[in-house]
file structure30.cif (mmCIF, C-alpha atoms and all ligand atoms)
data_structure
#
loop_
_atom_site.label_atom_id
_atom_site.label_comp_id
_atom_site.auth_asym_id
_atom_site.auth_seq_id
_atom_site.Cartn_x
_atom_site.Cartn_y
_atom_site.Cartn_z
CA MET A 6 -64.54 172.06 45.65
CA ILE A 7 -62.55 171.28 48.78
CA VAL A 8 -59.69 173.73 49.28
CA THR A 9 -56.87 172.87 51.69
CA ALA A 10 -53.18 173.61 52.09
CA LEU A 11 -52.54 170.46 49.99
CA THR A 12 -54.73 171.53 47.06
CA GLU A 13 -53.19 175.01 47.15
CA MET A 14 -49.61 173.71 47.32
CA PHE A 15 -50.00 171.65 44.13
CA ARG A 16 -53.04 173.35 42.48
CA LEU A 17 -55.20 170.21 42.83
CA ARG A 18 -58.94 169.81 42.28
CA HIS A 19 -59.14 167.13 44.99
CA PRO A 20 -57.12 166.73 48.22
CA ILE A 21 -56.01 163.25 47.19
CA ILE A 22 -52.48 161.85 46.81
CA LEU A 23 -51.70 158.55 45.12
CA GLY A 24 -49.52 156.45 47.45
CA PRO A 25 -46.13 155.81 45.81
CA MET A 26 -46.64 152.03 45.81
CA GLY A 27 -43.39 150.34 44.78
CA ALA A 28 -43.75 148.57 41.40
CA VAL A 29 -47.50 149.35 41.38
CA SER A 30 -47.72 153.14 41.04
CA GLY A 31 -46.06 153.44 37.63
CA GLY A 32 -45.92 156.56 35.48
CA ARG A 33 -49.23 155.85 33.79
CA LEU A 34 -51.12 155.57 37.10
CA ALA A 35 -49.41 158.64 38.55
CA ALA A 36 -50.33 160.64 35.43
CA ALA A 37 -53.94 159.39 35.53
CA VAL A 38 -54.32 160.56 39.13
CA SER A 39 -52.72 163.93 38.35
CA ASN A 40 -54.87 164.40 35.25
CA ALA A 41 -57.97 163.75 37.36
CA GLY A 42 -57.00 166.54 39.76
CA GLY A 43 -55.09 164.61 42.47
CA LEU A 44 -51.35 164.35 43.06
CA GLY A 45 -49.87 161.25 41.40
CA LEU A 46 -46.69 159.88 42.96
CA VAL A 47 -44.61 157.29 41.10
CA GLY A 48 -43.66 154.42 43.43
CA GLY A 49 -39.92 154.16 42.94
CA GLY A 50 -39.62 151.63 45.81
CA TYR A 51 -36.02 150.55 46.42
CA GLY A 52 -34.72 152.74 43.59
CA ASP A 53 -34.11 150.45 40.59
CA PRO A 54 -32.58 152.86 38.01
CA ASP A 55 -34.04 151.26 34.85
CA TRP A 56 -37.53 151.10 36.34
CA LEU A 57 -37.25 154.72 37.49
CA ARG A 58 -36.09 155.96 34.06
CA ARG A 59 -38.99 154.24 32.30
CA GLU A 60 -41.76 155.21 34.73
CA LEU A 61 -40.57 158.76 35.45
CA SER A 62 -40.38 159.42 31.69
CA LEU A 63 -43.98 158.22 31.35
CA ALA A 64 -45.18 160.40 34.22
CA SER A 65 -43.41 163.51 32.96
CA GLU A 66 -44.75 162.98 29.42
CA GLN A 67 -48.34 162.16 30.36
CA ALA A 68 -49.13 164.25 33.47
CA ARG A 69 -50.74 167.62 32.82
CA GLY A 70 -50.76 168.64 36.49
CA ALA A 71 -48.33 168.27 39.37
CA TRP A 72 -46.81 164.83 39.90
CA GLY A 73 -44.03 163.41 42.00
CA VAL A 74 -42.09 160.37 43.11
CA GLY A 75 -41.67 158.40 46.32
CA LEU A 76 -38.72 156.28 47.42
CA ILE A 77 -37.94 154.04 50.39
CA THR A 78 -35.50 156.15 52.40
CA TRP A 79 -33.35 153.43 53.98
CA SER A 80 -32.64 151.85 50.59
CA ILE A 81 -31.57 154.84 48.48
CA ASP A 82 -28.38 156.79 47.92
CA ARG A 83 -27.50 160.13 46.36
CA ARG A 84 -27.19 158.60 42.86
CA VAL A 85 -30.82 157.41 42.87
CA LEU A 86 -31.97 160.69 44.37
CA ASP A 87 -30.26 162.68 41.59
CA LEU A 88 -31.61 160.36 38.92
CA ALA A 89 -35.18 160.94 40.12
CA LEU A 90 -34.69 164.70 40.56
CA GLY A 91 -33.46 164.85 36.96
CA TYR A 92 -37.04 164.26 35.79
CA ARG A 93 -38.10 167.43 37.64
CA PRO A 94 -40.88 166.01 39.83
CA GLY A 95 -42.90 168.63 41.72
CA ALA A 96 -43.02 166.48 44.88
CA PHE A 97 -40.60 164.00 46.44
CA MET A 98 -41.83 161.65 49.14
CA LEU A 99 -39.45 159.92 51.53
CA SER A 100 -40.71 157.12 53.71
CA PHE A 101 -39.27 154.59 56.14
CA GLY A 102 -36.04 156.08 57.42
CA ASP A 103 -34.28 159.32 58.34
CA PRO A 104 -35.05 162.00 55.71
CA ARG A 105 -32.36 164.42 56.92
CA PRO A 106 -29.48 163.25 54.69
CA HIS A 107 -31.62 163.65 51.53
CA ALA A 108 -33.77 166.67 52.37
CA PRO A 109 -31.29 169.44 51.35
CA ALA A 110 -30.85 168.09 47.77
CA ILE A 111 -34.61 167.75 47.31
CA LYS A 112 -35.33 171.24 48.55
CA ALA A 113 -32.42 172.73 46.59
CA ALA A 114 -34.01 171.28 43.43
CA GLY A 115 -37.14 173.35 44.13
CA CYS A 116 -39.13 170.21 44.84
CA LYS A 117 -41.70 169.94 47.67
CA LEU A 118 -40.52 167.48 50.32
CA ILE A 119 -43.18 165.06 51.60
CA CYS A 120 -42.24 162.79 54.51
CA GLN A 121 -44.39 159.81 55.46
CA VAL A 122 -44.20 159.06 59.18
CA GLN A 123 -45.57 156.38 61.46
CA ASP A 124 -45.16 157.97 64.91
CA LEU A 125 -44.72 161.32 66.63
CA GLU A 126 -40.95 161.19 66.92
CA GLN A 127 -40.59 160.63 63.17
CA ALA A 128 -43.03 163.49 62.60
CA ARG A 129 -40.84 165.86 64.62
CA VAL A 130 -37.72 164.71 62.74
CA ALA A 131 -39.49 165.27 59.40
CA CYS A 132 -40.52 168.73 60.51
CA ALA A 133 -36.95 169.57 61.52
CA ALA A 134 -35.73 168.27 58.13
CA GLY A 135 -37.90 170.92 56.46
CA ALA A 136 -40.78 168.76 55.20
CA ASP A 137 -43.36 170.81 53.30
CA LEU A 138 -46.01 168.18 53.97
CA ILE A 139 -46.17 165.27 56.41
CA VAL A 140 -48.13 162.08 55.74
CA ALA A 141 -49.26 160.32 58.94
CA GLU A 142 -49.58 156.65 58.02
CA GLY A 143 -51.67 154.43 60.27
CA THR A 144 -51.16 150.71 60.72
CA GLU A 145 -54.30 149.94 58.66
CA ALA A 146 -52.29 150.82 55.54
CA GLY A 147 -51.33 148.37 52.85
CA GLY A 148 -47.61 147.75 52.50
CA HIS A 149 -45.03 148.60 55.16
CA GLY A 150 -45.88 150.66 58.20
CA GLY A 151 -45.80 151.12 61.94
CA SER A 152 -48.13 150.13 64.73
CA ARG A 153 -50.16 153.31 65.44
CA ALA A 154 -53.77 153.48 64.19
CA THR A 155 -54.82 156.25 61.80
CA LEU A 156 -57.65 157.74 63.91
CA PRO A 157 -55.55 158.79 66.94
CA LEU A 158 -52.25 159.19 65.04
CA VAL A 159 -53.42 161.84 62.56
CA PRO A 160 -54.65 164.51 65.02
CA ALA A 161 -51.66 163.87 67.28
CA VAL A 162 -49.29 164.50 64.34
CA VAL A 163 -51.34 167.57 63.31
CA ASP A 164 -50.81 169.02 66.79
CA ALA A 165 -47.14 168.03 66.96
CA VAL A 166 -46.03 169.62 63.68
CA ALA A 167 -48.37 172.63 63.31
CA PRO A 168 -48.32 174.73 61.16
CA THR A 169 -46.83 172.15 58.72
CA PRO A 170 -49.77 170.57 56.87
CA VAL A 171 -50.51 166.88 57.44
CA VAL A 172 -52.16 164.32 55.17
CA ALA A 173 -53.73 161.10 56.49
CA ALA A 174 -52.93 157.62 55.15
CA GLY A 175 -54.00 154.12 56.05
CA GLY A 176 -57.47 152.66 55.66
CA ILE A 177 -58.91 155.39 53.42
CA ALA A 178 -60.59 154.15 50.24
CA ASP A 179 -63.66 156.31 49.72
CA GLY A 180 -65.07 159.80 50.28
CA ARG A 181 -66.19 158.95 53.80
CA GLY A 182 -62.60 158.26 54.79
CA LEU A 183 -61.36 161.44 53.10
CA ALA A 184 -64.03 163.53 54.86
CA ALA A 185 -63.08 161.92 58.19
CA ALA A 186 -59.40 162.69 57.58
CA LEU A 187 -60.27 166.35 56.98
CA MET A 188 -62.28 166.42 60.19
CA LEU A 189 -59.20 165.14 62.06
CA GLY A 190 -57.31 168.21 60.90
CA ALA A 191 -55.58 166.63 57.90
CA HIS A 192 -55.39 168.52 54.60
CA GLY A 193 -56.13 165.47 52.48
CA ALA A 194 -55.65 161.73 52.14
CA LEU A 195 -52.90 159.63 50.65
CA ILE A 196 -54.47 156.47 49.23
CA GLY A 197 -52.72 153.27 48.16
CA THR A 198 -54.69 150.03 48.19
CA ARG A 199 -57.78 151.53 46.48
CA PHE A 200 -55.58 152.62 43.54
CA TYR A 201 -53.87 149.21 43.33
CA ALA A 202 -57.27 147.91 42.14
CA SER A 203 -57.29 150.36 39.23
CA ALA A 204 -56.91 149.79 35.50
CA GLU A 205 -53.71 151.85 35.25
CA ALA A 206 -51.87 150.21 38.18
CA LEU A 207 -48.94 147.99 37.35
CA GLY A 208 -49.27 144.56 38.88
CA HIS A 209 -50.95 141.35 37.97
CA ASP A 210 -54.70 141.23 37.23
CA GLU A 211 -54.96 138.38 39.73
CA ALA A 212 -53.59 140.63 42.49
CA LYS A 213 -56.20 143.28 41.66
CA ARG A 214 -58.95 140.63 41.59
CA ARG A 215 -57.91 139.43 45.04
CA ILE A 216 -57.99 142.96 46.47
CA ALA A 217 -61.51 143.49 45.09
CA ALA A 218 -62.68 140.21 46.66
CA ALA A 219 -60.93 140.42 50.05
CA HIS A 220 -62.02 141.52 53.52
CA GLY A 221 -59.94 143.43 56.05
CA GLU A 222 -59.70 140.37 58.31
CA GLU A 223 -57.80 138.62 55.55
CA THR A 224 -54.88 141.06 55.82
CA ALA A 225 -51.96 140.61 58.18
CA ARG A 226 -48.74 142.41 59.10
CA THR A 227 -45.75 140.22 58.40
CA ARG A 228 -42.02 139.99 57.64
CA VAL A 229 -42.35 136.67 55.82
CA PHE A 230 -42.42 138.18 52.31
CA ASP A 231 -39.43 140.44 52.99
CA ILE A 232 -37.41 137.49 54.29
CA VAL A 233 -38.05 135.37 51.22
CA ARG A 234 -37.42 138.28 48.84
CA GLY A 235 -34.19 139.21 50.62
CA TYR A 236 -35.07 142.76 51.69
CA ASP A 237 -33.48 143.83 54.96
CA TRP A 238 -36.32 146.02 56.30
CA PRO A 239 -35.85 147.70 59.71
CA PRO A 240 -37.81 145.59 62.25
CA ALA A 241 -40.11 148.54 63.06
CA PHE A 242 -41.80 148.22 59.64
CA PRO A 243 -43.51 144.92 58.88
CA GLY A 244 -45.78 144.99 55.83
CA ARG A 245 -49.55 144.47 55.60
CA ALA A 246 -50.53 141.96 52.92
CA LEU A 247 -53.36 139.65 51.99
CA ARG A 248 -53.07 136.32 53.75
CA ASN A 249 -52.21 133.51 51.34
CA ARG A 250 -50.91 129.95 51.45
CA PHE A 251 -47.25 131.03 51.66
CA LEU A 252 -47.96 133.31 54.63
CA GLU A 253 -49.99 130.63 56.43
CA LYS A 254 -47.10 128.20 56.00
CA TRP A 255 -44.36 130.48 57.40
CA ASP A 256 -46.18 132.85 59.78
CA GLY A 257 -44.50 132.42 63.19
CA ARG A 258 -41.73 130.29 61.62
CA GLU A 259 -39.65 133.14 60.23
CA SER A 260 -36.33 131.66 61.38
CA ASP A 261 -37.17 128.33 59.67
CA LEU A 262 -37.88 130.28 56.48
CA ALA A 263 -34.55 132.10 56.80
CA SER A 264 -32.82 128.69 56.98
CA ALA A 265 -34.71 127.33 53.96
CA LEU A 266 -34.04 130.32 51.72
CA GLN A 267 -32.03 128.54 49.06
CA THR A 268 -35.00 126.52 47.83
CA GLU A 269 -37.80 128.83 48.94
CA ARG A 270 -36.51 131.96 47.20
CA GLU A 271 -36.29 130.34 43.79
CA ALA A 272 -39.81 128.90 44.09
CA TYR A 273 -41.10 132.26 45.32
CA GLN A 274 -39.56 134.18 42.43
CA ALA A 275 -41.02 131.73 39.89
CA ALA A 276 -44.47 132.14 41.49
CA ALA A 277 -44.17 135.93 41.40
CA ARG A 278 -43.26 135.87 37.70
CA ALA A 279 -46.26 133.61 36.98
CA GLY A 280 -48.71 135.76 38.96
CA ASP A 281 -49.33 132.93 41.42
CA HIS A 282 -50.59 134.87 44.44
CA ASP A 283 -51.10 131.78 46.57
CA THR A 284 -47.36 132.25 47.00
CA ALA A 285 -46.47 135.77 45.82
CA VAL A 286 -47.34 138.75 47.99
CA VAL A 287 -50.25 141.14 47.45
CA TRP A 288 -49.62 144.14 49.71
CA ALA A 289 -53.02 145.50 50.74
CA GLY A 290 -54.59 147.37 53.64
CA GLU A 291 -57.65 146.91 55.83
CA ALA A 292 -59.73 149.11 53.52
CA VAL A 293 -60.08 146.22 51.06
CA ASP A 294 -63.64 145.83 52.46
CA LEU A 295 -64.51 149.05 50.62
CA ILE A 296 -63.15 147.89 47.26
CA GLY A 297 -65.44 145.79 45.06
CA SER A 298 -64.07 146.22 41.56
CA VAL A 299 -61.18 147.38 39.41
CA GLU A 300 -61.89 150.87 38.04
CA SER A 301 -60.04 153.62 36.24
CA ALA A 302 -57.97 155.89 38.48
CA GLY A 303 -59.68 159.00 37.12
CA THR A 304 -63.11 157.66 38.07
CA LEU A 305 -61.84 156.90 41.57
CA VAL A 306 -60.35 160.35 42.14
CA ALA A 307 -63.52 162.11 40.93
CA ARG A 308 -65.83 159.89 43.00
CA ILE A 309 -63.81 160.03 46.23
CA GLY A 310 -63.52 163.82 45.92
CA ALA A 311 -67.23 164.32 45.18
CA GLN A 312 -68.34 161.94 47.93
CA ALA A 313 -66.15 163.68 50.51
CA GLU A 314 -67.51 167.06 49.49
CA ALA A 315 -71.11 165.82 49.78
CA ARG A 316 -70.38 164.32 53.21
CA LEU A 317 -68.85 167.55 54.47
CA ARG A 318 -71.82 169.57 53.19
CA ALA A 319 -74.34 167.21 54.77
CA GLY A 320 -72.51 167.06 58.09
CA ALA A 321 -72.25 163.72 59.80
CA GLY A 322 -75.58 162.62 58.28
CA ALA A 323 -76.81 160.37 61.04
CA CYS A 324 -76.73 162.96 63.81
CA ARG A 325 -77.68 166.57 64.55
CA ALA A 326 -75.60 169.06 66.44
C1 LIG B 401 -48.91 147.65 47.10
C2 LIG B 401 -48.38 148.70 48.02
C3 LIG B 401 -47.06 149.10 47.91
C4 LIG B 401 -46.56 150.14 48.69
N1 LIG B 401 -45.28 150.56 48.51
C5 LIG B 401 -44.85 151.67 49.13
C6 LIG B 401 -43.56 152.21 48.84
O1 LIG B 401 -42.79 151.66 48.05
N2 LIG B 401 -43.19 153.36 49.46
C7 LIG B 401 -44.02 154.01 50.34
O2 LIG B 401 -43.67 155.06 50.84
N3 LIG B 401 -45.23 153.50 50.67
C8 LIG B 401 -45.67 152.36 50.07
N4 LIG B 401 -46.90 151.86 50.37
C9 LIG B 401 -47.70 152.54 51.41
C10 LIG B 401 -48.47 153.73 50.83
O3 LIG B 401 -47.58 154.81 50.59
C11 LIG B 401 -49.56 154.23 51.78
O4 LIG B 401 -49.04 154.60 53.02
C12 LIG B 401 -50.66 153.22 52.02
O5 LIG B 401 -51.01 152.54 50.85
C13 LIG B 401 -51.89 153.93 52.58
O6 LIG B 401 -52.82 153.04 53.09
P1 LIG B 401 -53.95 152.31 52.21
O7 LIG B 401 -53.24 151.23 51.47
O8 LIG B 401 -54.91 151.81 53.22
O9 LIG B 401 -54.54 153.34 51.28
C14 LIG B 401 -47.41 150.79 49.62
C15 LIG B 401 -48.73 150.36 49.75
C16 LIG B 401 -49.22 149.34 48.97
C17 LIG B 401 -50.66 148.94 49.12
#
call {"tool": "encode", "arguments": {"input": "structure30.cif", "output": "structure tokens"}}
result
Amino acid sequence: MIVTALTEMFRLRHPIILGPMGAVSGGRLAAAVSNAGGLGLVGGGYGDPDWLRRELSLASEQARGAWGVGLITWSIDRRVLDLALGYRPGAFMLSFGDPRPHAPAIKAAGCKLICQVQDLEQARVACAAGADLIVAEGTEAGGHGGSRATLPLVPAVVDAVAPTPVVAAGGIADGRGLAAALMLGAHGALIGTRFYASAEALGHDEAKRRIAAAHGEETARTRVFDIVRGYDWPPAFPGRALRNRFLEKWDGRESDLASALQTEREAYQAAARAGDHDTAVVWAGEAVDLIGSVESAGTLVARIGAQAEARLRAGAGACRA
């Protein structure tokens, strides 16, 4: 068993956190990860109240261990925060924005505050806000993120915020990645894309099939999907997605897309409802190379944990020190 500050904080069997993937990490997936010994986080995204009520109820009913919720900081207000806290999550992750206005309410509720950061300045702000745990997210990650790569970012954040524990995110999909994150000084890994291709994830089967078939070169960081969907993301955070026909058409022509929104948005929304991922987005990270099939979340947690433990016991494997 791997014991770290993360496993001790939440009494986990494995130092693994489910990324709170908006509209993908529902209550069932979060509970499955928690029941397998990781920390399941419901992906509350932009904070839709009906979605949150449904999925947080599921998580609180089904999870036998610690679970939590994650929200996109720049898009939420106090009302959404209180709604989520009402389900008594053990962990609350804030990402993409200044956590300071929301941190006191989260901590006053007795909830552990997790802040996901993309650079050193954000890490220092999160630390000052009282974060119990900081997730350093590298640019390899699926979904929105910054421009720093996981390998140099994680140890730099570890040094900058010590003794606050850090968890690595971005490009980790198996036990090798988890073991590497621990060697960088992280206390665990937060994993998104690998869990998207799981049986319990919300999201269309076709999206999961595409993740299992894709290679890292087929992902790109883009604002095209946010423009067509009408989300006003801060420019610092483009999102990494699988390349598809829609992206090829508008990549580099973002202002043309903004002018053609009236027709494009309707067509996009219809494609998303139909599961047509030649048009609709599949957020996914560079680690898609390591994903070959859709599996149950519990199987994934157990395998990633066991593989990391075996790697750490065996040392680097290919070399001797
Ligand atoms: C489909 C998808 C949706 C995501 N949505 C969110 C989100 O709503 N909030 C958030 O904090 N992070 C979100 N992320 C980022 C994850 O929290 C995490 O940083 C990332 O998945 C880690 O990298 P990986 O995908 O290589 O495992 C999302 C990632 C994916 C793949």
call {"tool": "residues_near_point", "arguments": {"input": "structure30.cif", "point": "(-30.8, 160.2, 43.1)", "cutoff": "12 Å", "atoms": "all atoms listed in the file", "output": "MDAnalysis selection string"}}
result
chainID A and resid 49 51:54 57:58 74:78 80:93 97 107:108 110:111 114
call {"tool": "write_last_selection", "arguments": {"input": "structure30.cif", "atoms": "C-alpha atoms", "output": "PDB file, in the frame of the given file"}}
result
ATOM      1  CA  GLY A  49     -39.920 154.160  42.940  1.00  0.00           C
ATOM      2  CA  TYR A  51     -36.020 150.550  46.420  1.00  0.00           C
ATOM      3  CA  GLY A  52     -34.720 152.740  43.590  1.00  0.00           C
ATOM      4  CA  ASP A  53     -34.110 150.450  40.590  1.00  0.00           C
ATOM      5  CA  PRO A  54     -32.580 152.860  38.010  1.00  0.00           C
ATOM      6  CA  LEU A  57     -37.250 154.720  37.490  1.00  0.00           C
ATOM      7  CA  ARG A  58     -36.090 155.960  34.060  1.00  0.00           C
ATOM      8  CA  VAL A  74     -42.090 160.370  43.110  1.00  0.00           C
ATOM      9  CA  GLY A  75     -41.670 158.400  46.320  1.00  0.00           C
ATOM     10  CA  LEU A  76     -38.720 156.280  47.420  1.00  0.00           C
ATOM     11  CA  ILE A  77     -37.940 154.040  50.390  1.00  0.00           C
ATOM     12  CA  THR A  78     -35.500 156.150  52.400  1.00  0.00           C
ATOM     13  CA  SER A  80     -32.640 151.850  50.590  1.00  0.00           C
ATOM     14  CA  ILE A  81     -31.570 154.840  48.480  1.00  0.00           C
ATOM     15  CA  ASP A  82     -28.380 156.790  47.920  1.00  0.00           C
ATOM     16  CA  ARG A  83     -27.500 160.130  46.360  1.00  0.00           C
ATOM     17  CA  ARG A  84     -27.190 158.600  42.860  1.00  0.00           C
ATOM     18  CA  VAL A  85     -30.820 157.410  42.870  1.00  0.00           C
ATOM     19  CA  LEU A  86     -31.970 160.690  44.370  1.00  0.00           C
ATOM     20  CA  ASP A  87     -30.260 162.680  41.590  1.00  0.00           C
ATOM     21  CA  LEU A  88     -31.610 160.360  38.920  1.00  0.00           C
ATOM     22  CA  ALA A  89     -35.180 160.940  40.120  1.00  0.00           C
ATOM     23  CA  LEU A  90     -34.690 164.700  40.560  1.00  0.00           C
ATOM     24  CA  GLY A  91     -33.460 164.850  36.960  1.00  0.00           C
ATOM     25  CA  TYR A  92     -37.040 164.260  35.790  1.00  0.00           C
ATOM     26  CA  ARG A  93     -38.100 167.430  37.640  1.00  0.00           C
ATOM     27  CA  PHE A  97     -40.600 164.000  46.440  1.00  0.00           C
ATOM     28  CA  HIS A 107     -31.620 163.650  51.530  1.00  0.00           C
ATOM     29  CA  ALA A 108     -33.770 166.670  52.370  1.00  0.00           C
ATOM     30  CA  ALA A 110     -30.850 168.090  47.770  1.00  0.00           C
ATOM     31  CA  ILE A 111     -34.610 167.750  47.310  1.00  0.00           C
ATOM     32  CA  ALA A 114     -34.010 171.280  43.430  1.00  0.00           C
TER      33      ALA A 114
END
call {"tool": "closest_atom_pairs", "arguments": {"input": "structure30.cif", "of": "range 146-215 of chain A", "to": "range 13-33 of chain A", "cutoff": "6 Å", "atoms": "all atoms listed in the file", "output": "CSV"}}
result
residue,atom,partner,partner_atom,distance
A:Gly193,CA,A:Pro20,CA,4.6
A:Ala194,CA,A:Ile21,CA,5.2
A:Leu195,CA,A:Ile22,CA,4.5
A:Ile196,CA,A:Gly24,CA,5.3
A:Gly197,CA,A:Gly24,CA,4.6
A:Ala206,CA,A:Val29,CA,5.5
A:Leu207,CA,A:Val29,CA,4.5
A:Gly208,CA,A:Val29,CA,5.7
call {"tool": "closest_residue", "arguments": {"input": "structure30.cif", "among": "A:Ala36, A:Ala204, A:Pro157, A:Trp56", "to": "Thr304 in chain A", "atoms": "only C-alpha atoms"}}
result
A:Ala204
call {"tool": "closest_residue", "arguments": {"input": "structure30.cif", "among": "A:Leu189, A:Ala246, A:Ala302, A:Ala133", "to": "ligand LIG 401 (chain B)", "atoms": "only C-alpha atoms and all ligand atoms"}}
result
A:Ala246
call {"tool": "closest_residue", "arguments": {"input": "structure30.cif", "among": "A:Asp210, A:Glu291, A:Glu222, A:Asp283", "to": "ligand LIG 401 (chain B)", "atoms": "all atoms listed in the file"}}
result
A:Glu291
call {"tool": "closest_residue", "arguments": {"input": "structure30.cif", "among": "A:Ala134, A:Leu11, A:Leu187, A:Val286", "to": "ligand LIG 401 (chain B)", "atoms": "all atoms listed in the file"}}
result
A:Val286
call {"tool": "build_atoms", "arguments": {"input": "structure30.cif", "residues": "range 29-52 of chain A", "atoms": "N, CA and C atoms", "output": "compact mmCIF listing (two decimals), in the frame of the given file"}}
result
# COMPACT_ATOMS: atom_id res chain seq x y z
N VAL A 29 -46.06 149.31 41.67
CA VAL A 29 -47.50 149.35 41.38
C VAL A 29 -47.90 150.73 40.83
N SER A 30 -47.42 151.78 41.49
CA SER A 30 -47.72 153.14 41.04
C SER A 30 -46.70 153.54 39.97
N GLY A 31 -46.94 153.07 38.74
CA GLY A 31 -46.06 153.44 37.63
C GLY A 31 -46.42 154.82 37.10
N GLY A 32 -45.71 155.22 36.04
CA GLY A 32 -45.92 156.56 35.48
C GLY A 32 -47.31 156.77 34.94
N ARG A 33 -47.90 155.71 34.38
CA ARG A 33 -49.23 155.85 33.79
C ARG A 33 -50.27 156.10 34.89
N LEU A 34 -50.16 155.37 35.99
CA LEU A 34 -51.12 155.57 37.10
C LEU A 34 -50.92 156.95 37.73
N ALA A 35 -49.66 157.32 37.95
CA ALA A 35 -49.41 158.64 38.55
C ALA A 35 -49.99 159.74 37.67
N ALA A 36 -49.80 159.62 36.35
CA ALA A 36 -50.33 160.64 35.43
C ALA A 36 -51.86 160.64 35.44
N ALA A 37 -52.46 159.46 35.52
CA ALA A 37 -53.94 159.39 35.53
C ALA A 37 -54.50 160.09 36.76
N VAL A 38 -53.86 159.90 37.91
CA VAL A 38 -54.32 160.56 39.13
C VAL A 38 -54.13 162.08 39.01
N SER A 39 -52.97 162.49 38.51
CA SER A 39 -52.72 163.93 38.35
C SER A 39 -53.70 164.55 37.37
N ASN A 40 -53.97 163.84 36.26
CA ASN A 40 -54.87 164.40 35.25
C ASN A 40 -56.32 164.47 35.73
N ALA A 41 -56.62 163.69 36.78
CA ALA A 41 -57.97 163.75 37.36
C ALA A 41 -58.06 164.78 38.48
N GLY A 42 -56.96 165.47 38.77
CA GLY A 42 -57.00 166.54 39.76
C GLY A 42 -56.41 166.18 41.11
N GLY A 43 -55.81 164.97 41.24
CA GLY A 43 -55.09 164.61 42.47
C GLY A 43 -53.60 164.79 42.24
N LEU A 44 -52.81 164.32 43.21
CA LEU A 44 -51.35 164.35 43.06
C LEU A 44 -50.86 162.92 42.87
N GLY A 45 -50.37 162.61 41.68
CA GLY A 45 -49.87 161.25 41.40
C GLY A 45 -48.42 161.13 41.79
N LEU A 46 -48.09 160.12 42.58
CA LEU A 46 -46.69 159.88 42.96
C LEU A 46 -46.25 158.53 42.39
N VAL A 47 -45.19 158.53 41.63
CA VAL A 47 -44.61 157.29 41.10
C VAL A 47 -43.96 156.54 42.26
N GLY A 48 -44.21 155.23 42.34
CA GLY A 48 -43.66 154.42 43.43
C GLY A 48 -42.31 153.83 43.06
N GLY A 49 -41.26 154.59 43.34
CA GLY A 49 -39.92 154.16 42.94
C GLY A 49 -39.33 153.07 43.85
N GLY A 50 -40.01 152.73 44.93
CA GLY A 50 -39.62 151.63 45.81
C GLY A 50 -38.17 151.72 46.26
N TYR A 51 -37.41 150.65 45.96
CA TYR A 51 -36.02 150.55 46.42
C TYR A 51 -35.05 151.30 45.52
N GLY A 52 -35.56 151.86 44.41
CA GLY A 52 -34.72 152.74 43.59
C GLY A 52 -34.04 152.07 42.41
